[in-house]
Amino acid sequence: MKTPRNFKVVRVLDDERIGMEGRLESDDHLAVKIWLRLLSCSTQIEQEIRTRLRQRFGTTLPRFDYLAQLERHPAGLRMNALSRYLMVTGGNVTGLTDQLVADGWVERTADPLDRRSILVRLTDEGRRQFALMAAEHEAWLTSLFSGFGSAHKDALYETLGRLRVHLAQKDTQALADMAAGEHPNEGRA
C-alpha cells in the first residue's frame, strides 16, 4: 500500500524528530502506519507539554493530570477511583497524594458515605494553582495546533471520534465473545 503522495513528513522531520514513524517501511500495512503516526503525534505533543509544565511550574504531567481529575470532582474522589481515572497503580496515586498533601494542594478527608474510606480533594490553594496551570495548558495546546486549519482540526476530531467508537464496539464484541466462550479472533477476518 502506498503512502499518500502529498504528505511530506519524511522531508519535514529530521532523524531526531521522526520518532516512531522512523520504523516504517513502505510495504507496512496501513493499520501499522496509522498506529505509529497517532503514537508519534501524541508523543510529540506530550513531550512538549511535559517540558513546559516542568519549566513553567516545576511540576510533572502526572501531577497535572491528578489535579485535573480532582478539579472535575470537587467533592473529592476515593483513591481507588482516582487510580482508575488516571490508569495508574494505587501506589502511584498514594505517592502523588502524599506529595500534594505536603504541598498543601490536596487534603484527605473521611468519606461521609463510608467512614472506612478516604476521599482526596483539592484545597483552595490547590484549586488556585491548578487554575493557573490549566489556563496555560490550554493556551499551549491552542498554540501547538495554531496554523493547522480549522477544517483540518474539525475533520481530525471527527475521525478520531469515529475511531474511538469503532474500537469501543470491537472491545464490546470481544468481551461478548469471551463471555460466550469464543476466542476473540476466531472466525473473523
# chains A, B, ... in the order shown; residues from 1 in each chain; ligands from 1
>>> select_by_dssp(residues="chain A", states="strand (DSSP E)", output="list in words")
Leu77, Arg78, Val106, Glu107, Arg108, Thr109, Ala110, Asp111, Asp114, Arg115, Arg116, Ser117, Ile118, Leu119, Val120, Arg121 and Leu122 of chain A
>>> write_last_selection(atoms="C-alpha atoms", output="mmCIF file, in the first residue's frame")
data_model
loop_
_atom_site.group_PDB
_atom_site.id
_atom_site.type_symbol
_atom_site.label_atom_id
_atom_site.label_comp_id
_atom_site.auth_asym_id
_atom_site.auth_seq_id
_atom_site.Cartn_x
_atom_site.Cartn_y
_atom_site.Cartn_z
ATOM 1 C CA LEU A 77 -12.558 11.019 44.952
ATOM 2 C CA ARG A 78 -11.668 7.811 46.674
ATOM 3 C CA VAL A 106 -4.730 18.294 48.341
ATOM 4 C CA GLU A 107 -6.370 17.118 51.523
ATOM 5 C CA ARG A 108 -7.548 13.729 52.738
ATOM 6 C CA THR A 109 -10.975 13.543 54.357
ATOM 7 C CA ALA A 110 -13.209 10.774 55.611
ATOM 8 C CA ASP A 111 -15.804 9.655 53.062
ATOM 9 C CA ASP A 114 -18.221 5.115 54.135
ATOM 10 C CA ARG A 115 -16.155 6.194 57.138
ATOM 11 C CA ARG A 116 -13.600 3.455 56.363
ATOM 12 C CA SER A 117 -12.751 5.149 53.053
ATOM 13 C CA ILE A 118 -10.726 8.274 52.431
ATOM 14 C CA LEU A 119 -11.524 10.957 49.895
ATOM 15 C CA VAL A 120 -8.930 13.258 48.405
ATOM 16 C CA ARG A 121 -9.880 16.687 47.163
ATOM 17 C CA LEU A 122 -8.278 19.948 46.182
#
>>> residues_around(residues="range 150-166 of chain A", least_positions_apart="6", cutoff="12 Å", atoms="only C-alpha atoms", output="list in words")
Ile34, Trp35, Leu38, Thr142, Leu144, Thr172 and Gln173 of chain A
>>> write_last_selection(atoms="C-alpha atoms", output="PDB file, in the first residue's frame")
ATOM      1  CA  ILE A  34      -1.793   4.857  11.274  1.00  0.00           C
ATOM      2  CA  TRP A  35      -0.899   3.487  14.710  1.00  0.00           C
ATOM      3  CA  LEU A  38      -1.003   8.527  16.089  1.00  0.00           C
ATOM      4  CA  THR A 142      -4.056  26.100  21.219  1.00  0.00           C
ATOM      5  CA  LEU A 144       0.553  23.838  19.152  1.00  0.00           C
ATOM      6  CA  THR A 172     -17.594  -4.799  23.468  1.00  0.00           C
ATOM      7  CA  GLN A 173     -17.855  -7.559  20.852  1.00  0.00           C
TER       8      GLN A 173
END
>>> residues_around(residues="Ala135 in chain A", least_positions_apart="5", cutoff="12 Å", atoms="only C-alpha atoms", output="count of residues only")
9
>>> select_by_dssp(residues="chain A", states="helix (DSSP H, G or I)", output="ChimeraX atom specification")
/A:9-12,19-23,30-57,61-72,79-86,90-102,124-145,150-179
>>> atom_distance(atom1="CA of Met87 in chain A", atom2="CA of Asp65 in chain A")
10.7 Å
>>> atom_distance(atom1="CA of Arg56 in chain A", atom2="CA of Ala102 in chain A")
20.4 Å
>>> decode(residues="range 7-118 of chain A", atoms="C-alpha atoms", output="CSV table (one decimal), in the first residue's frame")
chain,number,residue,atom,x,y,z
A,7,PHE,CA,2.3,14.0,2.7
A,8,LYS,CA,5.9,15.2,3.2
A,9,VAL,CA,6.5,14.0,6.8
A,10,VAL,CA,9.8,12.4,6.0
A,11,ARG,CA,11.2,15.5,4.2
A,12,VAL,CA,10.0,17.9,7.0
A,13,LEU,CA,11.2,15.9,10.1
A,14,ASP,CA,14.8,15.1,10.7
A,15,ASP,CA,16.0,11.8,12.2
A,16,GLU,CA,15.8,13.2,15.7
A,17,ARG,CA,12.1,14.2,15.3
A,18,ILE,CA,10.7,11.5,13.1
A,19,GLY,CA,10.0,9.3,16.2
A,20,MET,CA,8.1,6.1,15.9
A,21,GLU,CA,7.4,6.7,12.2
A,22,GLY,CA,11.1,6.1,11.5
A,23,ARG,CA,10.4,2.4,12.0
A,24,LEU,CA,8.0,2.3,9.0
A,25,GLU,CA,8.8,0.5,5.7
A,26,SER,CA,6.9,1.4,2.5
A,27,ASP,CA,5.2,-2.0,2.5
A,28,ASP,CA,4.0,-1.9,6.1
A,29,HIS,CA,0.2,-2.4,6.5
A,30,LEU,CA,-1.8,0.9,6.6
A,31,ALA,CA,-3.0,0.0,10.2
A,32,VAL,CA,0.6,-0.1,11.3
A,33,LYS,CA,1.3,3.3,9.7
A,34,ILE,CA,-1.8,4.9,11.3
A,35,TRP,CA,-0.9,3.5,14.7
A,36,LEU,CA,2.7,4.8,14.5
A,37,ARG,CA,1.5,8.2,13.2
A,38,LEU,CA,-1.0,8.5,16.1
A,39,LEU,CA,1.6,7.5,18.6
A,40,SER,CA,4.2,9.9,17.1
A,41,CYS,CA,1.8,12.8,17.3
A,42,SER,CA,0.7,12.0,20.8
A,43,THR,CA,4.2,11.6,22.0
A,44,GLN,CA,5.4,14.8,20.3
A,45,ILE,CA,2.6,16.8,22.0
A,46,GLU,CA,3.0,15.1,25.3
A,47,GLN,CA,6.8,15.8,25.4
A,48,GLU,CA,6.2,19.5,24.7
A,49,ILE,CA,3.6,19.7,27.4
A,50,ARG,CA,5.8,17.9,29.9
A,51,THR,CA,8.7,20.3,29.1
A,52,ARG,CA,6.5,23.3,29.5
A,53,LEU,CA,5.0,22.1,32.8
A,54,ARG,CA,8.4,21.4,34.2
A,55,GLN,CA,9.9,24.7,33.0
A,56,ARG,CA,7.0,27.0,33.9
A,57,PHE,CA,5.5,25.4,37.0
A,58,GLY,CA,8.2,22.9,38.2
A,59,THR,CA,5.7,20.1,38.0
A,60,THR,CA,5.0,16.9,36.1
A,61,LEU,CA,2.3,15.8,33.8
A,62,PRO,CA,1.2,13.1,36.2
A,63,ARG,CA,0.7,15.7,38.9
A,64,PHE,CA,-1.2,17.9,36.4
A,65,ASP,CA,-3.4,15.0,35.4
A,66,TYR,CA,-4.1,14.1,39.1
A,67,LEU,CA,-5.1,17.7,39.9
A,68,ALA,CA,-7.3,17.8,36.7
A,69,GLN,CA,-9.2,14.8,37.9
A,70,LEU,CA,-9.8,16.3,41.3
A,71,GLU,CA,-10.9,19.6,39.7
A,72,ARG,CA,-13.6,17.6,37.8
A,73,HIS,CA,-14.8,16.1,41.1
A,74,PRO,CA,-15.0,18.9,43.7
A,75,ALA,CA,-16.5,16.7,46.4
A,76,GLY,CA,-13.4,14.5,46.1
A,77,LEU,CA,-12.6,11.0,45.0
A,78,ARG,CA,-11.7,7.8,46.7
A,79,MET,CA,-8.1,6.8,46.0
A,80,ASN,CA,-9.2,3.7,44.1
A,81,ALA,CA,-11.4,5.7,41.8
A,82,LEU,CA,-8.6,8.2,41.2
A,83,SER,CA,-6.3,5.4,40.4
A,84,ARG,CA,-8.8,4.1,37.7
A,85,TYR,CA,-9.3,7.5,36.2
A,86,LEU,CA,-5.5,8.1,36.0
A,87,MET,CA,-4.9,4.5,34.8
A,88,VAL,CA,-2.1,4.0,37.3
A,89,THR,CA,-1.4,1.8,40.3
A,90,GLY,CA,-2.7,2.6,43.8
A,91,GLY,CA,1.0,3.1,44.8
A,92,ASN,CA,1.5,5.8,42.3
A,93,VAL,CA,-1.7,7.6,43.5
A,94,THR,CA,-0.6,7.3,47.1
A,95,GLY,CA,2.8,8.8,46.3
A,96,LEU,CA,1.3,11.7,44.4
A,97,THR,CA,-1.2,12.3,47.1
A,98,ASP,CA,1.5,12.4,49.8
A,99,GLN,CA,3.4,15.0,47.8
A,100,LEU,CA,0.4,17.1,47.1
A,101,VAL,CA,-0.8,17.0,50.7
A,102,ALA,CA,2.7,18.1,51.8
A,103,ASP,CA,2.4,21.0,49.2
A,104,GLY,CA,-0.9,22.0,50.7
A,105,TRP,CA,-2.8,21.4,47.4
A,106,VAL,CA,-4.7,18.3,48.3
A,107,GLU,CA,-6.4,17.1,51.5
A,108,ARG,CA,-7.5,13.7,52.7
A,109,THR,CA,-11.0,13.5,54.4
A,110,ALA,CA,-13.2,10.8,55.6
A,111,ASP,CA,-15.8,9.7,53.1
A,112,PRO,CA,-19.2,10.6,54.5
A,113,LEU,CA,-20.8,7.6,52.8
A,114,ASP,CA,-18.2,5.1,54.1
A,115,ARG,CA,-16.2,6.2,57.1
A,116,ARG,CA,-13.6,3.5,56.4
A,117,SER,CA,-12.8,5.1,53.1
A,118,ILE,CA,-10.7,8.3,52.4
